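Data file: protein-v7.tsv. Format and content: TSV, C-alpha atoms.
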```tsv
chain	number	residue	atom	x	y	z
A	1	MET	CA	-28.23	21.96	-20.85
A	2	SER	CA	-31.48	23.26	-22.24
A	3	GLN	CA	-33.36	25.22	-19.62
A	4	SER	CA	-36.62	24.06	-21.26
A	5	ALA	CA	-35.90	20.48	-20.16
A	6	SER	CA	-37.46	19.40	-16.88
A	7	VAL	CA	-34.58	18.36	-14.64
A	8	ASN	CA	-33.86	17.39	-11.08
A	9	PRO	CA	-31.74	20.29	-9.74
A	10	HIS	CA	-30.19	18.07	-7.05
A	11	VAL	CA	-28.89	15.09	-9.06
A	12	SER	CA	-26.37	15.04	-11.87
A	13	THR	CA	-24.13	12.62	-13.74
A	14	ASP	CA	-20.48	13.32	-14.54
A	15	CYS	CA	-18.49	11.28	-17.03
A	16	VAL	CA	-14.80	10.49	-16.76
A	17	ILE	CA	-13.96	9.67	-20.37
A	18	PHE	CA	-10.60	8.04	-21.04
A	19	GLY	CA	-8.97	7.75	-24.44
A	20	PHE	CA	-5.62	6.40	-25.60
A	21	SER	CA	-3.49	7.88	-28.39
A	22	GLN	CA	0.23	8.26	-29.13
A	23	GLU	CA	0.96	5.89	-26.24
A	24	THR	CA	-0.66	8.33	-23.82
A	25	LEU	CA	-3.74	7.92	-21.65
A	26	ARG	CA	-5.91	11.02	-21.98
A	27	LEU	CA	-8.96	12.53	-20.32
A	28	LEU	CA	-11.72	14.29	-22.22
A	29	LEU	CA	-12.61	17.64	-20.67
A	30	ILE	CA	-14.89	20.50	-21.61
A	31	ARG	CA	-13.54	24.04	-21.61
A	32	ARG	CA	-15.92	26.59	-20.19
A	33	SER	CA	-15.73	30.36	-19.97
A	34	ILE	CA	-16.71	32.44	-16.96
A	35	PRO	CA	-17.16	36.23	-17.30
A	36	ASN	CA	-14.67	38.19	-15.21
A	37	LYS	CA	-16.09	41.62	-14.33
A	38	ILE	CA	-12.70	42.93	-13.19
A	39	THR	CA	-10.71	42.11	-16.33
A	40	GLU	CA	-13.77	42.26	-18.60
A	41	THR	CA	-12.56	39.05	-20.21
A	42	ASP	CA	-13.61	35.46	-19.78
A	43	ASP	CA	-11.75	33.16	-17.40
A	44	ILE	CA	-11.21	29.71	-18.84
A	45	HIS	CA	-11.76	26.62	-16.70
A	46	TYR	CA	-11.98	22.91	-17.39
A	47	ALA	CA	-14.52	20.38	-16.16
A	48	LEU	CA	-15.70	16.84	-16.67
A	49	PRO	CA	-18.63	16.48	-19.07
A	50	GLY	CA	-21.89	16.15	-17.19
A	51	ASP	CA	-25.41	17.40	-16.75
A	52	LEU	CA	-28.38	17.38	-14.41
A	53	VAL	CA	-30.61	14.32	-14.68
A	54	ARG	CA	-33.85	14.88	-16.52
A	55	ASP	CA	-37.10	13.87	-14.86
A	56	ASP	CA	-37.88	11.34	-17.61
A	57	GLU	CA	-34.56	9.45	-17.55
A	58	ASN	CA	-32.66	7.21	-15.14
A	59	LEU	CA	-29.00	7.67	-14.22
A	60	ASP	CA	-27.62	5.42	-16.95
A	61	GLU	CA	-29.73	7.17	-19.57
A	62	ALA	CA	-28.46	10.56	-18.39
A	63	ALA	CA	-24.83	9.47	-18.66
A	64	LYS	CA	-25.40	7.94	-22.09
A	65	ARG	CA	-27.03	11.17	-23.24
A	66	VAL	CA	-24.05	13.24	-22.11
A	67	LEU	CA	-21.68	10.91	-23.95
A	68	ALA	CA	-23.76	10.80	-27.12
A	69	GLU	CA	-24.14	14.58	-27.26
A	70	LEU	CA	-20.41	15.13	-26.73
A	71	THR	CA	-18.88	12.34	-28.82
A	72	GLY	CA	-21.61	11.34	-31.26
A	73	LEU	CA	-21.08	7.72	-30.18
A	74	LYS	CA	-23.48	5.19	-28.70
A	75	GLY	CA	-22.90	1.75	-27.24
A	76	ILE	CA	-19.50	2.59	-25.76
A	77	TYR	CA	-18.13	1.18	-22.53
A	78	LEU	CA	-19.74	2.97	-19.60
A	79	GLU	CA	-19.70	2.00	-15.92
A	80	GLN	CA	-21.02	3.74	-12.83
A	81	PHE	CA	-18.36	3.76	-10.14
A	82	GLN	CA	-19.14	6.22	-7.32
A	83	ALA	CA	-21.41	8.96	-6.00
A	84	PHE	CA	-20.09	12.29	-4.71
A	85	GLY	CA	-22.18	14.34	-2.31
A	86	ASP	CA	-20.03	16.68	-0.26
A	87	PRO	CA	-22.28	19.62	0.79
A	88	LEU	CA	-19.54	22.04	-0.32
A	89	ARG	CA	-18.77	20.44	-3.69
A	90	VAL	CA	-20.32	23.39	-5.57
A	91	ALA	CA	-19.25	26.12	-3.15
A	92	LYS	CA	-16.21	27.57	-4.96
A	93	GLN	CA	-16.87	31.12	-6.13
A	94	LYS	CA	-15.72	30.59	-9.72
A	95	ASP	CA	-18.04	27.59	-9.99
A	96	ARG	CA	-20.96	29.50	-8.54
A	97	SER	CA	-20.46	32.31	-11.06
A	98	TRP	CA	-20.77	29.79	-13.86
A	99	LEU	CA	-23.76	28.03	-12.27
A	100	LYS	CA	-25.66	31.31	-12.09
A	101	SER	CA	-25.30	31.69	-15.85
A	102	VAL	CA	-26.56	28.22	-16.79
A	103	ARG	CA	-28.89	26.91	-14.06
A	104	GLN	CA	-32.26	28.05	-12.80
A	105	ASP	CA	-31.38	27.10	-9.22
A	106	PRO	CA	-27.63	27.70	-8.77
A	107	ASP	CA	-27.91	27.41	-4.98
A	108	ALA	CA	-29.26	23.85	-5.07
A	109	ARG	CA	-27.12	21.18	-3.45
A	110	VAL	CA	-26.12	18.72	-6.18
A	111	ILE	CA	-25.18	15.09	-5.67
A	112	THR	CA	-23.44	13.61	-8.71
A	113	VAL	CA	-23.19	10.00	-9.79
A	114	ALA	CA	-19.93	9.42	-11.65
A	115	TYR	CA	-19.42	7.17	-14.65
A	116	MET	CA	-16.24	5.95	-16.32
A	117	ALA	CA	-16.18	5.62	-20.11
A	118	LEU	CA	-13.50	4.12	-22.35
A	119	ILE	CA	-13.44	5.00	-26.03
A	120	ASP	CA	-11.21	4.78	-29.05
A	121	SER	CA	-10.39	8.48	-29.34
A	122	GLY	CA	-9.75	8.07	-33.08
A	123	LYS	CA	-13.47	7.49	-33.64
A	124	VAL	CA	-14.63	10.64	-31.87
A	125	ASN	CA	-15.94	13.75	-33.58
A	126	LEU	CA	-16.39	16.07	-30.60
A	127	HIS	CA	-19.52	18.20	-30.19
A	128	PRO	CA	-19.11	20.47	-27.15
A	129	GLY	CA	-22.25	21.56	-25.32
A	130	SER	CA	-23.91	24.91	-25.62
A	131	PHE	CA	-22.22	26.25	-22.46
A	132	SER	CA	-18.68	25.01	-23.22
A	133	LYS	CA	-16.20	26.58	-25.63
A	134	GLU	CA	-14.68	23.30	-26.68
A	135	ALA	CA	-13.85	19.76	-25.64
A	136	VAL	CA	-10.22	18.70	-25.49
A	137	TRP	CA	-8.15	15.59	-24.78
A	138	ILE	CA	-5.54	16.21	-22.06
A	139	PRO	CA	-2.88	13.70	-20.91
A	140	ILE	CA	-3.72	12.40	-17.45
A	141	HIS	CA	-0.45	13.76	-15.99
A	142	GLU	CA	-1.26	17.28	-17.21
A	143	ILE	CA	-4.74	17.67	-15.74
A	144	PRO	CA	-5.22	21.23	-14.40
A	145	GLU	CA	-7.41	22.30	-11.50
A	146	LEU	CA	-10.92	21.32	-12.51
A	147	ALA	CA	-14.34	22.62	-11.58
A	148	PHE	CA	-16.14	21.55	-8.40
A	149	ASP	CA	-14.69	18.27	-7.07
A	150	HIS	CA	-13.87	16.96	-10.54
A	151	ASN	CA	-10.20	16.34	-9.73
A	152	GLU	CA	-11.31	14.00	-6.96
A	153	ILE	CA	-13.74	12.27	-9.32
A	154	PHE	CA	-11.06	11.86	-11.99
A	155	GLU	CA	-8.51	10.45	-9.54
A	156	SER	CA	-11.07	7.97	-8.21
A	157	ALA	CA	-11.87	6.84	-11.76
A	158	LEU	CA	-8.20	6.38	-12.56
A	159	ARG	CA	-7.73	4.17	-9.51
A	160	GLN	CA	-10.77	2.16	-10.57
A	161	LEU	CA	-9.43	1.78	-14.11
A	162	ARG	CA	-6.05	0.53	-12.89
A	163	GLU	CA	-7.73	-2.07	-10.72
A	164	ILE	CA	-10.38	-3.24	-13.17
A	165	VAL	CA	-8.05	-3.53	-16.17
A	166	GLN	CA	-6.17	-6.26	-14.33
A	167	ILE	CA	-9.21	-8.46	-13.77
A	168	ARG	CA	-11.49	-7.69	-16.70
A	169	PRO	CA	-10.65	-7.22	-20.40
A	170	ILE	CA	-11.89	-3.64	-20.66
A	171	GLY	CA	-8.65	-2.12	-21.98
A	172	PHE	CA	-9.57	-3.18	-25.50
A	173	GLU	CA	-12.24	-0.46	-25.54
A	174	LEU	CA	-9.41	2.07	-25.79
A	175	LEU	CA	-7.85	0.49	-28.90
A	176	PRO	CA	-8.84	0.48	-32.55
A	177	GLU	CA	-10.56	-2.64	-33.87
A	178	LYS	CA	-7.24	-4.07	-35.08
A	179	PHE	CA	-4.06	-3.68	-33.04
A	180	THR	CA	-0.63	-5.21	-32.57
A	181	MET	CA	0.61	-6.98	-29.46
A	182	SER	CA	3.03	-4.11	-28.89
A	183	GLN	CA	0.17	-1.61	-28.95
A	184	LEU	CA	-1.75	-3.72	-26.45
A	185	GLN	CA	1.21	-4.00	-24.09
A	186	SER	CA	1.89	-0.28	-24.39
A	187	LEU	CA	-1.71	0.38	-23.35
A	188	TYR	CA	-1.43	-1.79	-20.24
A	189	GLU	CA	1.95	-0.35	-19.28
A	190	THR	CA	0.60	3.17	-19.69
A	191	ILE	CA	-2.47	2.53	-17.54
A	192	LEU	CA	-0.58	0.62	-14.84
A	193	GLU	CA	2.53	2.83	-15.01
A	194	ARG	CA	4.93	-0.08	-14.91
A	195	ASP	CA	6.92	-2.20	-17.35
A	196	LEU	CA	5.62	-5.68	-18.15
A	197	ASP	CA	7.73	-8.61	-19.30
A	198	LYS	CA	7.17	-8.93	-23.05
A	199	ARG	CA	7.20	-12.74	-23.27
A	200	ASN	CA	5.05	-13.19	-20.19
A	201	PHE	CA	2.52	-10.61	-21.34
A	202	ARG	CA	2.26	-12.12	-24.82
A	203	ARG	CA	1.89	-15.67	-23.48
A	204	LYS	CA	-0.83	-14.76	-20.99
A	205	MET	CA	-2.78	-12.68	-23.47
A	206	LEU	CA	-2.74	-15.45	-26.08
A	207	ASN	CA	-3.59	-18.15	-23.54
A	208	SER	CA	-6.50	-16.14	-22.15
A	209	GLY	CA	-8.49	-16.51	-25.37
A	210	VAL	CA	-9.42	-12.82	-25.47
A	211	LEU	CA	-7.45	-12.27	-28.70
A	212	ILE	CA	-8.23	-13.29	-32.27
A	213	PRO	CA	-5.02	-13.46	-34.36
A	214	LEU	CA	-5.42	-12.11	-37.88
A	215	THR	CA	-3.48	-12.95	-41.03
A	216	GLU	CA	-3.07	-9.23	-41.69
A	217	LYS	CA	0.21	-7.59	-40.73
A	218	GLN	CA	1.57	-4.06	-40.62
A	219	ILE	CA	2.64	-2.49	-43.88
A	220	GLY	CA	5.03	0.35	-44.59
A	221	VAL	CA	7.12	-0.16	-41.45
A	222	SER	CA	10.92	-0.24	-41.32
A	223	ASN	CA	11.08	-3.11	-38.84
A	224	LYS	CA	9.58	-6.60	-39.12
A	225	PRO	CA	5.82	-6.24	-39.72
A	226	ALA	CA	3.79	-7.20	-36.66
A	227	ARG	CA	0.63	-9.30	-36.75
A	228	TYR	CA	-2.70	-7.66	-36.03
A	229	TYR	CA	-5.18	-8.96	-33.47
A	230	MET	CA	-8.81	-8.33	-32.61
A	231	PHE	CA	-10.61	-8.53	-29.29
A	232	ASN	CA	-12.68	-11.69	-29.00
A	233	ARG	CA	-15.75	-9.88	-27.73
A	234	GLU	CA	-18.16	-12.68	-28.59
A	235	MET	CA	-16.24	-15.21	-26.50
A	236	VAL	CA	-15.95	-12.86	-23.54
A	237	GLU	CA	-19.66	-12.02	-23.61
A	238	SER	CA	-20.68	-15.69	-23.92
A	239	ARG	CA	-18.50	-16.81	-21.01
A	240	GLY	CA	-19.65	-13.99	-18.73
A	241	GLN	CA	-18.15	-13.98	-15.26
A	242	SER	CA	-15.83	-16.91	-15.99
A	243	ILE	CA	-13.78	-14.63	-18.22
A	244	MET	CA	-14.54	-11.41	-16.38
A	245	ASN	CA	-12.70	-12.59	-13.28
A	246	LEU	CA	-9.46	-13.10	-15.13
A	247	ARG	CA	-7.06	-12.45	-12.29
A	248	MET	CA	-9.25	-14.07	-9.65
A	249	ASP	CA	-9.31	-17.52	-11.30
A	250	GLY	CA	-5.66	-17.32	-12.35
A	251	SER	CA	-6.31	-17.57	-16.09
A	252	PHE	CA	-4.95	-14.13	-16.74
A	253	SER	CA	-2.83	-12.47	-14.12
A	254	LEU	CA	-0.19	-10.04	-15.30
A	255	PHE	CA	1.60	-10.32	-11.99
A	256	SER	CA	1.69	-14.01	-11.11
```
Can you dump the structure from the file as structure tokens?
Amino acid sequence: MSQSASVNPHVSTDCVIFGFSQETLRLLLIRRSIPNKITETDDIHYALPGDLVRDDENLDEAAKRVLAELTGLKGIYLEQFQAFGDPLRVAKQKDRSWLKSVRQDPDARVITVAYMALIDSGKVNLHPGSFSKEAVWIPIHEIPELAFDHNEIFESALRQLREIVQIRPIGFELLPEKFTMSQLQSLYETILERDLDKRNFRRKMLNSGVLIPLTEKQIGVSNKPARYYMFNREMVESRGQSIMNLRMDGSFSLFS
């Protein structure tokens, strides 16, 4: 964060950014270094991407800015899901050491508004911030201890994702533009951590209308080439809530 920017020292946004690659759900984290006076080396810690909210932007604009600066992408799926305001959320000593190096008022109580983002990780060219060494994708089952209350924020986002993906077609945001049915099922099984019946899954996906079958098929594969599909975004956007409540109206329930 640029110290020349006028910011609210008490309000921040943190982004839980999910990506999917090699049949693994991953979380995008920034790696930050904290000087250690005893060892005279830097301690490395991980955190969710985030920043204080500037005085001239609203919460959504702040979250979009964080995402754009880190990934170079705009217009990606982003949803606010919870606020976190424990008075002790920035009380850990290692976090305070870092805050003193980057913020004008490290003692300020900070309430953060958390956002969940879903992106095709293959499109991302990462641009870590000025106070982070790098940004890395880490499998969700290998997440280390994070800064502040970021583990709690991540776990809350993961619960939200597992619930929402069953009632709204947001999982497609994690896939490339063209994908096979097997890739789509692998995504759902990975998020939900359970096996899904292949025939039932295929039937319900096709009947839902959220897929556009293409004539194009895989090439250079040893097995039978699979057909590619695209997400019918135009249909979903035009139908609004009638398609967004897929499990509620029974038109698309993976578990009926």
| Rounded to one decimal in Å, what is the spacing between atom CA of A:Arg194 and atom CA of A:Leu158? |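 Result for atom CA of A:Arg194 versus atom CA of A:Leu158: 14.8 Å, one decimal.
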| field | Residues within 7 Å of stretch 95-106 of chain A, all atoms listed in the file, excluding chain neighbours under 5 positions, as a ChimeraX atom specification | value | /A:9,34,90,147-148
| task | State, in Å with one decimal place, the distance from atom CA of A:Asp120 to atom CA of A:Pro176. | result |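 Going from atom CA of A:Asp120 over to atom CA of A:Pro176, I get 6.0 Å.
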| Of the listed residues A:Val7, A:Leu73, A:Leu67, A:Leu196, that which approaches A:Asp55 most closely, counting only C-alpha atoms |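 Ranking A:Val7, A:Leu73, A:Leu67, A:Leu196 by distance to A:Asp55, first place goes to A:Val7.
Reported to one decimal place, the separation of atom CA of A:Arg233 from atom CA of A:Ala83 is 29.3 Å.
With all atoms listed in the file as the atoms that count, the residue of A:Ser21, A:Ala117, A:Arg32, A:Asp107 with the shortest distance to A:Ala63 is A:Ala117.
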| Proximity to A:Ile76 - best of A:Ser121, A:Ser156, A:Thr112, A:Asn207, all atoms listed in the file |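 Looking at the shortest contact to A:Ile76, the residue is A:Ser121.
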